[in-house]
>>> print(open('my_file.cif').read())   # mmCIF, C-alpha atoms and all ligand atoms
data_target
#
loop_
_atom_site.label_atom_id
_atom_site.label_comp_id
_atom_site.auth_asym_id
_atom_site.auth_seq_id
_atom_site.Cartn_x
_atom_site.Cartn_y
_atom_site.Cartn_z
CA MET A 1 -72.88 45.18 29.94
CA GLN A 2 -73.72 41.62 29.02
CA THR A 3 -75.06 39.41 31.78
CA THR A 4 -74.72 35.67 31.96
CA THR A 5 -77.02 33.34 33.85
CA ILE A 6 -75.12 30.73 35.75
CA SER A 7 -76.99 27.76 37.14
CA LEU A 8 -75.77 27.04 40.65
CA THR A 9 -77.78 23.84 40.79
CA PHE A 10 -75.43 20.96 40.27
CA ASN A 11 -76.84 17.86 41.82
CA PRO A 12 -76.33 15.29 39.12
CA MET A 13 -78.59 12.34 38.96
CA ILE A 14 -77.46 8.96 37.85
CA VAL A 15 -79.71 6.79 35.75
CA VAL A 16 -78.86 3.18 36.53
CA MET A 17 -79.77 0.78 33.74
CA LYS A 18 -80.95 -2.80 34.24
CA ASN A 19 -78.43 -5.58 33.54
CA THR A 20 -80.55 -6.58 30.58
CA ALA A 21 -80.61 -3.09 29.01
CA THR A 22 -79.46 -2.96 25.39
CA ARG A 23 -77.29 -0.30 23.75
CA ASP A 24 -80.43 1.03 22.02
CA MET A 25 -82.10 1.56 25.38
CA VAL A 26 -79.04 3.47 26.65
CA ASP A 27 -79.10 5.62 23.51
CA ARG A 28 -82.79 6.35 23.98
CA VAL A 29 -82.19 7.57 27.56
CA LEU A 30 -79.31 9.73 26.29
CA ALA A 31 -81.54 11.22 23.61
CA VAL A 32 -84.21 12.14 26.18
CA ILE A 33 -81.58 13.74 28.43
CA GLU A 34 -80.19 15.78 25.54
CA ALA A 35 -83.67 16.80 24.40
CA HIS A 36 -83.99 18.53 27.80
CA GLU A 37 -80.75 20.46 27.19
CA LEU A 38 -78.87 18.39 29.73
CA LYS A 39 -75.63 16.44 29.33
CA GLY A 40 -75.64 12.66 29.62
CA GLU A 41 -72.40 10.86 30.42
CA PRO A 42 -72.66 7.08 29.98
CA MET A 43 -70.41 4.86 32.09
CA PHE A 44 -70.09 1.27 30.93
CA GLY A 45 -68.89 -0.67 33.98
CA THR A 46 -68.66 -4.41 34.42
CA GLN A 47 -71.17 -4.25 37.30
CA ARG A 48 -73.66 -1.86 35.72
CA VAL A 49 -74.29 0.66 32.99
CA ALA A 50 -75.13 4.06 34.39
CA ILE A 51 -75.65 7.50 32.90
CA GLY A 52 -74.63 10.63 34.76
CA VAL A 53 -76.98 13.55 34.08
CA LEU A 54 -75.28 16.91 34.35
CA GLY A 55 -77.00 20.29 34.35
CA ASP A 56 -80.07 21.81 35.93
CA LYS A 57 -81.88 18.76 37.29
CA ASP A 58 -85.20 20.62 37.47
CA ARG A 59 -85.43 20.48 33.67
CA LEU A 60 -86.21 16.80 33.69
CA ASP A 61 -88.89 14.84 35.50
CA GLU A 62 -87.50 11.70 37.17
CA GLY A 63 -90.73 9.80 36.50
CA HIS A 64 -90.27 10.37 32.78
CA LEU A 65 -86.86 8.70 32.84
CA LEU A 66 -88.04 5.84 35.07
CA ARG A 67 -90.68 4.88 32.52
CA LEU A 68 -88.13 4.42 29.73
CA PRO A 69 -87.31 0.80 28.83
CA GLY A 70 -84.20 -0.60 30.51
CA VAL A 71 -84.07 1.97 33.35
CA LYS A 72 -83.67 0.40 36.81
CA GLU A 73 -83.43 3.36 39.20
CA ILE A 74 -82.41 7.00 39.62
CA LEU A 75 -79.76 7.99 42.18
CA ARG A 76 -78.62 11.42 43.32
CA VAL A 77 -75.08 12.38 44.29
CA SER A 78 -75.35 14.22 47.58
CA LYS A 79 -71.65 15.11 48.06
CA PRO A 80 -70.07 18.44 47.02
CA TYR A 81 -67.72 16.48 44.74
CA LYS A 82 -69.64 14.50 42.15
CA LYS A 83 -67.69 12.69 39.46
CA VAL A 84 -64.92 11.57 41.82
CA SER A 85 -67.42 9.99 44.22
CA ARG A 86 -68.19 6.30 44.45
CA GLU A 87 -71.86 7.20 44.36
CA TYR A 88 -71.26 8.43 40.82
CA LYS A 89 -69.05 5.50 39.80
CA PRO A 90 -68.96 2.41 42.06
CA GLU A 91 -66.09 0.66 40.25
CA ASN A 92 -62.43 1.48 40.87
CA THR A 93 -60.88 3.65 38.19
CA VAL A 94 -57.71 2.12 36.82
CA VAL A 95 -55.06 4.60 35.70
CA THR A 96 -52.71 3.20 33.07
CA ILE A 97 -49.26 4.58 32.25
CA ASN A 98 -47.76 3.65 28.88
CA ASP A 99 -49.78 0.42 28.73
CA SER A 100 -47.40 -1.02 31.32
CA VAL A 101 -48.14 0.29 34.81
CA GLN A 102 -51.62 0.31 36.35
CA PHE A 103 -52.78 2.10 39.48
CA GLY A 104 -56.01 0.91 41.11
CA ASN A 105 -56.05 -2.69 39.89
CA GLY A 106 -55.39 -4.12 43.35
CA THR A 107 -51.59 -4.43 43.10
CA PRO A 108 -49.74 -1.42 44.54
CA VAL A 109 -47.34 0.52 42.29
CA ILE A 110 -43.97 1.64 43.62
CA ILE A 111 -42.52 4.92 42.34
CA ALA A 112 -38.98 5.74 43.44
CA GLY A 113 -36.24 8.20 42.60
CA PRO A 114 -34.53 11.36 43.75
CA CYS A 115 -36.29 14.52 44.87
CA SER A 116 -34.63 16.44 42.00
CA VAL A 117 -33.00 15.51 38.74
CA GLU A 118 -29.37 16.50 39.42
CA SER A 119 -27.19 15.00 36.66
CA GLU A 120 -27.90 12.42 33.97
CA ASP A 121 -25.31 9.98 35.36
CA ARG A 122 -26.73 10.21 38.83
CA LEU A 123 -30.32 9.80 37.69
CA LEU A 124 -29.38 6.79 35.57
CA GLU A 125 -27.58 5.14 38.46
CA ILE A 126 -30.55 5.73 40.77
CA ALA A 127 -33.05 4.54 38.14
CA GLU A 128 -31.15 1.32 37.39
CA ASN A 129 -30.87 0.51 41.08
CA VAL A 130 -34.48 1.23 42.06
CA LYS A 131 -35.60 -0.78 39.07
CA LYS A 132 -33.44 -3.71 40.15
CA LEU A 133 -34.95 -3.46 43.63
CA GLY A 134 -38.52 -3.60 42.27
CA ALA A 135 -39.69 -0.03 41.51
CA HIS A 136 -42.20 0.29 38.66
CA MET A 137 -41.79 3.99 37.91
CA LEU A 138 -39.16 6.73 38.29
CA ARG A 139 -39.72 10.08 39.99
CA GLY A 140 -37.51 13.20 39.88
CA GLY A 141 -38.22 16.92 39.83
CA ALA A 142 -36.96 19.08 36.95
CA PHE A 143 -38.95 22.17 37.97
CA LYS A 144 -38.70 22.42 41.74
CA PRO A 145 -41.11 24.45 43.91
CA ARG A 146 -38.59 25.33 46.62
CA THR A 147 -39.58 27.17 49.77
CA SER A 148 -36.51 29.38 49.49
CA PRO A 149 -35.68 31.28 46.29
CA TYR A 150 -32.00 30.62 47.07
CA ALA A 151 -32.39 26.83 47.03
CA PHE A 152 -31.73 24.67 43.93
CA GLN A 153 -34.64 25.26 41.55
CA GLY A 154 -34.07 22.26 39.25
CA HIS A 155 -32.69 22.01 35.70
CA GLY A 156 -36.04 22.82 34.04
CA LEU A 157 -36.43 21.72 30.43
CA GLU A 158 -32.99 20.08 30.43
CA GLY A 159 -34.17 18.01 33.41
CA LEU A 160 -37.18 16.77 31.43
CA LYS A 161 -34.89 15.69 28.59
CA ILE A 162 -32.66 13.83 31.05
CA LEU A 163 -35.72 12.09 32.52
CA LYS A 164 -36.84 11.04 29.05
CA ARG A 165 -33.45 9.60 28.12
CA VAL A 166 -33.16 7.72 31.42
CA SER A 167 -36.68 6.42 30.98
CA GLU A 168 -35.80 5.12 27.51
CA LYS A 169 -32.66 3.42 28.80
CA THR A 170 -34.32 1.75 31.78
CA GLY A 171 -37.89 1.26 30.55
CA LEU A 172 -39.23 2.98 33.68
CA PRO A 173 -42.06 5.46 33.00
CA ILE A 174 -41.53 8.85 34.62
CA VAL A 175 -43.57 11.17 36.80
CA THR A 176 -42.46 14.74 37.33
CA GLU A 177 -43.98 17.98 38.57
CA ILE A 178 -45.22 20.85 36.42
CA LEU A 179 -45.18 24.37 37.85
CA SER A 180 -46.41 26.55 35.01
CA VAL A 181 -48.81 26.50 32.06
CA HIS A 182 -45.90 27.79 29.94
CA ASP A 183 -44.40 24.30 30.05
CA LEU A 184 -47.46 22.32 28.92
CA GLU A 185 -46.01 21.45 25.51
CA ALA A 186 -42.72 20.20 26.91
CA PHE A 187 -44.50 18.04 29.51
CA ASP A 188 -46.75 16.65 26.81
CA GLU A 189 -43.69 15.65 24.82
CA TYR A 190 -41.39 14.23 27.52
CA VAL A 191 -43.45 13.07 30.51
CA ASP A 192 -45.56 9.94 31.09
CA MET A 193 -47.43 11.15 34.18
CA ILE A 194 -47.71 14.79 35.20
CA GLN A 195 -47.50 15.68 38.88
CA ILE A 196 -49.40 18.56 40.44
CA GLY A 197 -47.53 19.29 43.65
CA SER A 198 -48.91 20.14 47.04
CA ARG A 199 -48.30 23.87 46.54
CA ASN A 200 -50.36 23.88 43.33
CA MET A 201 -53.32 21.76 44.40
CA HIS A 202 -55.39 24.95 44.54
CA ASN A 203 -54.07 26.27 41.22
CA PHE A 204 -57.18 25.39 39.22
CA ASP A 205 -56.01 27.16 36.07
CA LEU A 206 -52.89 24.98 35.94
CA ILE A 207 -54.83 21.84 36.90
CA THR A 208 -57.49 22.25 34.22
CA LYS A 209 -54.98 23.05 31.49
CA VAL A 210 -52.85 20.03 32.36
CA ALA A 211 -56.01 17.88 32.49
CA ARG A 212 -56.82 18.88 28.90
CA LEU A 213 -53.60 17.22 27.68
CA GLY A 214 -55.40 13.95 28.49
CA LYS A 215 -52.30 12.48 30.15
CA PRO A 216 -52.30 10.58 33.45
CA MET A 217 -51.91 12.94 36.41
CA LEU A 218 -50.63 12.57 39.95
CA LEU A 219 -52.48 15.06 42.16
CA LYS A 220 -50.82 15.66 45.51
CA ARG A 221 -52.84 16.88 48.46
CA GLY A 222 -52.31 20.49 49.44
CA MET A 223 -50.42 20.60 52.72
CA SER A 224 -53.31 22.45 54.37
CA ALA A 225 -56.17 21.11 52.27
CA THR A 226 -59.10 19.25 53.76
CA LEU A 227 -60.02 15.96 52.18
CA GLU A 228 -63.07 17.60 50.62
CA GLU A 229 -60.90 20.33 49.02
CA PHE A 230 -58.53 17.63 47.77
CA LEU A 231 -61.36 15.71 46.09
CA LEU A 232 -62.80 18.91 44.64
CA ALA A 233 -59.41 19.64 43.03
CA ALA A 234 -59.61 16.18 41.41
CA GLU A 235 -63.16 17.01 40.32
CA TYR A 236 -61.70 19.84 38.18
CA ILE A 237 -59.66 17.24 36.29
CA LEU A 238 -62.57 14.85 35.72
CA ASN A 239 -64.68 17.78 34.58
CA GLU A 240 -62.20 18.22 31.71
CA GLY A 241 -62.97 14.67 30.58
CA ASN A 242 -59.75 13.23 32.02
CA ASP A 243 -60.32 10.42 34.54
CA GLN A 244 -56.69 9.30 34.60
CA VAL A 245 -56.00 10.76 38.02
CA VAL A 246 -54.05 9.23 40.88
CA LEU A 247 -54.40 11.01 44.22
CA CYS A 248 -51.42 11.29 46.57
CA GLU A 249 -51.56 11.70 50.35
CA ARG A 250 -48.25 13.39 51.23
CA GLY A 251 -48.88 14.55 54.77
CA ILE A 252 -50.63 17.59 56.17
CA ARG A 253 -49.54 20.39 58.46
CA THR A 254 -50.69 20.21 62.05
CA TYR A 255 -49.56 21.63 65.42
CA GLU A 256 -47.05 18.76 65.69
CA GLN A 257 -43.54 19.96 64.88
CA SER A 258 -41.44 16.84 65.41
CA THR A 259 -41.85 15.62 61.82
CA ARG A 260 -42.21 17.55 58.57
CA ASN A 261 -45.90 16.67 58.14
CA ILE A 262 -48.43 14.16 59.45
CA LEU A 263 -49.35 11.33 57.09
CA ASP A 264 -53.14 11.29 57.17
CA LEU A 265 -53.88 7.58 57.13
CA ASN A 266 -57.52 8.33 57.96
CA SER A 267 -57.96 10.12 54.66
CA LEU A 268 -56.14 7.37 52.81
CA ALA A 269 -58.56 4.78 54.18
CA LEU A 270 -61.58 7.02 53.66
CA VAL A 271 -60.75 7.87 50.04
CA LYS A 272 -60.93 4.18 49.16
CA ILE A 273 -64.52 4.20 50.42
CA ILE A 274 -65.82 7.52 49.13
CA SER A 275 -64.00 7.77 45.79
CA HIS A 276 -63.28 5.43 42.88
CA LEU A 277 -59.92 7.09 42.14
CA PRO A 278 -56.66 5.37 43.10
CA ILE A 279 -54.67 6.94 45.93
CA ILE A 280 -51.00 6.46 46.76
CA ALA A 281 -48.90 7.63 49.71
CA ASP A 282 -45.74 9.72 49.83
CA PRO A 283 -44.11 8.72 53.11
CA SER A 284 -40.97 10.75 52.28
CA HIS A 285 -42.55 14.21 52.28
CA ALA A 286 -44.81 13.21 55.16
CA ALA A 287 -41.87 12.17 57.33
CA GLY A 288 -39.14 14.63 56.35
CA ARG A 289 -36.63 12.10 57.75
CA TYR A 290 -35.46 8.84 56.22
CA ASP A 291 -35.63 6.70 59.33
CA ILE A 292 -39.42 6.56 59.61
CA VAL A 293 -40.17 6.33 55.86
CA PRO A 294 -40.34 2.48 55.76
CA GLN A 295 -42.76 2.34 58.71
CA LEU A 296 -45.08 4.88 57.07
CA ALA A 297 -44.79 3.00 53.77
CA VAL A 298 -45.89 -0.26 55.39
CA ALA A 299 -48.74 1.49 57.22
CA SER A 300 -49.95 3.14 53.99
CA LEU A 301 -50.10 -0.11 52.06
CA ALA A 302 -51.77 -1.85 55.00
CA THR A 303 -54.35 0.96 54.94
CA GLY A 304 -55.18 0.20 51.32
CA ALA A 305 -52.97 2.64 49.37
CA ASP A 306 -52.65 1.82 45.67
CA GLY A 307 -48.95 2.53 45.76
CA LEU A 308 -46.07 4.57 47.13
CA ILE A 309 -43.86 7.39 45.90
CA VAL A 310 -40.53 7.31 47.72
CA GLU A 311 -37.41 9.46 47.50
CA VAL A 312 -34.23 7.44 46.93
CA HIS A 313 -30.73 8.82 46.31
CA ASN A 314 -27.34 7.23 45.71
CA GLU A 315 -25.67 9.75 48.08
CA PRO A 316 -28.39 11.32 50.28
CA ASP A 317 -25.89 13.50 52.15
CA LYS A 318 -24.93 15.18 48.85
CA ALA A 319 -28.49 15.57 47.49
CA LEU A 320 -29.40 19.02 46.21
CA SER A 321 -32.86 18.72 47.82
CA ASP A 322 -34.53 16.58 50.48
CA GLY A 323 -31.46 14.49 51.28
CA LYS A 324 -32.65 14.16 54.91
CA GLN A 325 -35.68 12.16 53.88
CA SER A 326 -34.09 10.22 51.00
CA LEU A 327 -33.45 6.51 51.34
CA THR A 328 -30.18 4.87 50.29
CA PHE A 329 -30.39 1.87 47.96
CA GLU A 330 -29.82 -0.32 50.99
CA SER A 331 -32.71 1.13 52.98
CA PHE A 332 -34.99 1.10 49.89
CA ASP A 333 -34.12 -2.58 49.48
CA LYS A 334 -35.17 -3.17 53.10
CA LEU A 335 -38.39 -1.23 52.55
CA MET A 336 -39.19 -3.35 49.49
CA ALA A 337 -38.55 -6.52 51.50
CA ARG A 338 -40.99 -5.29 54.17
CA VAL A 339 -43.76 -4.52 51.68
CA SER A 340 -43.11 -7.42 49.31
CA ASN A 341 -46.01 -9.48 50.64
CA LEU A 342 -48.31 -6.49 50.07
CA ILE A 343 -47.31 -5.81 46.46
CA GLN A 344 -47.55 -9.28 44.96
C1 LIG A 401 -42.17 16.39 45.32
O1 LIG A 401 -42.80 15.33 45.23
O2 LIG A 401 -41.08 16.57 44.77
C2 LIG A 401 -42.73 17.50 46.10
C3 LIG A 401 -42.25 18.73 46.01
O3 LIG A 401 -43.71 17.12 46.92
P1 LIG A 401 -44.92 18.00 47.55
O4 LIG A 401 -45.55 18.74 46.43
O5 LIG A 401 -45.79 16.94 48.15
O6 LIG A 401 -44.30 18.89 48.59
MN MN A 402 -38.70 16.24 47.69
#
>>> encode(input="my_file.cif", output="structure tokens")
Amino acid sequence: MQTTTISLTFNPMIVVMKNTATRDMVDRVLAVIEAHELKGEPMFGTQRVAIGVLGDKDRLDEGHLLRLPGVKEILRVSKPYKKVSREYKPENTVVTINDSVQFGNGTPVIIAGPCSVESEDRLLEIAENVKKLGAHMLRGGAFKPRTSPYAFQGHGLEGLKILKRVSEKTGLPIVTEILSVHDLEAFDEYVDMIQIGSRNMHNFDLITKVARLGKPMLLKRGMSATLEEFLLAAEYILNEGNDQVVLCERGIRTYEQSTRNILDLNSLALVKIISHLPIIADPSHAAGRYDIVPQLAVASLATGADGLIVEVHNEPDKALSDGKQSLTFESFDKLMARVSNLIQ
């Protein structure tokens, strides 16, 4: 039997270059790193140029790197997650959808739409209205991860095609959830931002394969995942070379039964400190009821969220999923009025 040696040491160091360092100096550091059979990942920020060194750190003597021209200092990432940490990259990552929408640039992004894609007419009506009321992107599930096998499972591929057509008519980019690696090609073709839902946050096979498409991703927090597990799931995506990841706090399960989940505002605030990735809030799935969604939306933006994803339906009482937590156009309008000073 063949045996493989796996290095469990993964404590990347970061070589921070001086402001005056030239491109040649950066290349020289990279060459030294590679000569030691390590991987160097340069990050050209506006505040600093830094090089992440990945691999077995014992292969390379810090002193050797420090003596190279242009090197300012060597830092070590002490957290279990590495590339998603602010230690690794101090600047905010900006995630761009279709050159038009940006998460993480300081202005929150509002995503709105139904829980599920039901019919083309209905989706178009919802999309036109949420757009008129100020939404920047459209949501809607085509493949639905329903708790009960007897509940509406979504229109699948046909749902993706409907989303695409509605997106073309309204100009709103779309985000929708993928459930299986079998659908990668279709998502690549029809979808602007691919959502990994709460139930799949731990599905690392799906996450890594989606990440390899290189498309922007919306990673929702597992309903029972700790913040560290959540960030480690994002680390899988960055490890595939895709940094276009928006995190989503959608509420966690606790002993409290009076609402569907508890929106973890602590984590929302903390992520902005410990990670460079944008994070948005989903007050709809956190609340499970429409009448507290606007309050949670305001609280999330006040906490520093980079945006919101909100369920809106033209007839919530007829919705095929999550009608109880869906806002009418009228209540979405009121929500937008309440957050308008926060999204300018
Ligand atoms: C959704 O956004 O449609 C959804 C199913 O949410 P979650 O994965 O957070 O439950
Ligand atoms: Mn829903």
>>> residues_near_ligand(input="my_file.cif", ligand="ligand MN 402 (chain A)", cutoff="9 Å", atoms="all atoms listed in the file", output="list in words")
Pro114, Cys115, Ser116, Gly140, Gly141, Lys144, Ser284, His285, Gly288, Glu311, Ser321, Asp322, Gly323, Gln325 and Ser326 of chain A
>>> residues_around(input="my_file.cif", residues="region 186-194 of chain A", least_positions_apart="5", cutoff="8 Å", atoms="all atoms listed in the file", output="compact mmCIF listing (two decimals) with C-alpha atoms, in the coordinates of the input")
# COMPACT_ATOMS: atom_id res chain seq x y z
CA ILE A 97 -49.26 4.58 32.25
CA ASN A 98 -47.76 3.65 28.88
CA LEU A 157 -36.43 21.72 30.43
CA LEU A 160 -37.18 16.77 31.43
CA LYS A 161 -34.89 15.69 28.59
CA LEU A 163 -35.72 12.09 32.52
CA LYS A 164 -36.84 11.04 29.05
CA PRO A 173 -42.06 5.46 33.00
CA ILE A 174 -41.53 8.85 34.62
CA VAL A 175 -43.57 11.17 36.80
CA THR A 176 -42.46 14.74 37.33
CA GLU A 177 -43.98 17.98 38.57
CA ILE A 178 -45.22 20.85 36.42
CA VAL A 210 -52.85 20.03 32.36
CA LEU A 213 -53.60 17.22 27.68
CA LYS A 215 -52.30 12.48 30.15
CA PRO A 216 -52.30 10.58 33.45
CA MET A 217 -51.91 12.94 36.41
CA LEU A 218 -50.63 12.57 39.95
>>> atom_distance(input="my_file.cif", atom1="CA of Val84 (chain A)", atom2="CA of Thr226 (chain A)")
15.3 Å
>>> atom_distance(input="my_file.cif", atom1="CA of His202 (chain A)", atom2="CA of Gln102 (chain A)")
26.2 Å
>>> axis_aligned_box(input="my_file.cif", around="ligand LIG 401 (chain A)", padding_each_side="5 Å", output="AutoDock Vina command-line options")
--center_x -43.4 --center_y 17.1 --center_z 46.7 --size_x 14.7 --size_y 13.6 --size_z 13.8
>>> residues_around(input="my_file.cif", residues="Pro294 (chain A)", least_positions_apart="5", cutoff="8 Å", atoms="only C-alpha atoms", output="number ranges by chain")
A: 283, 335, 338
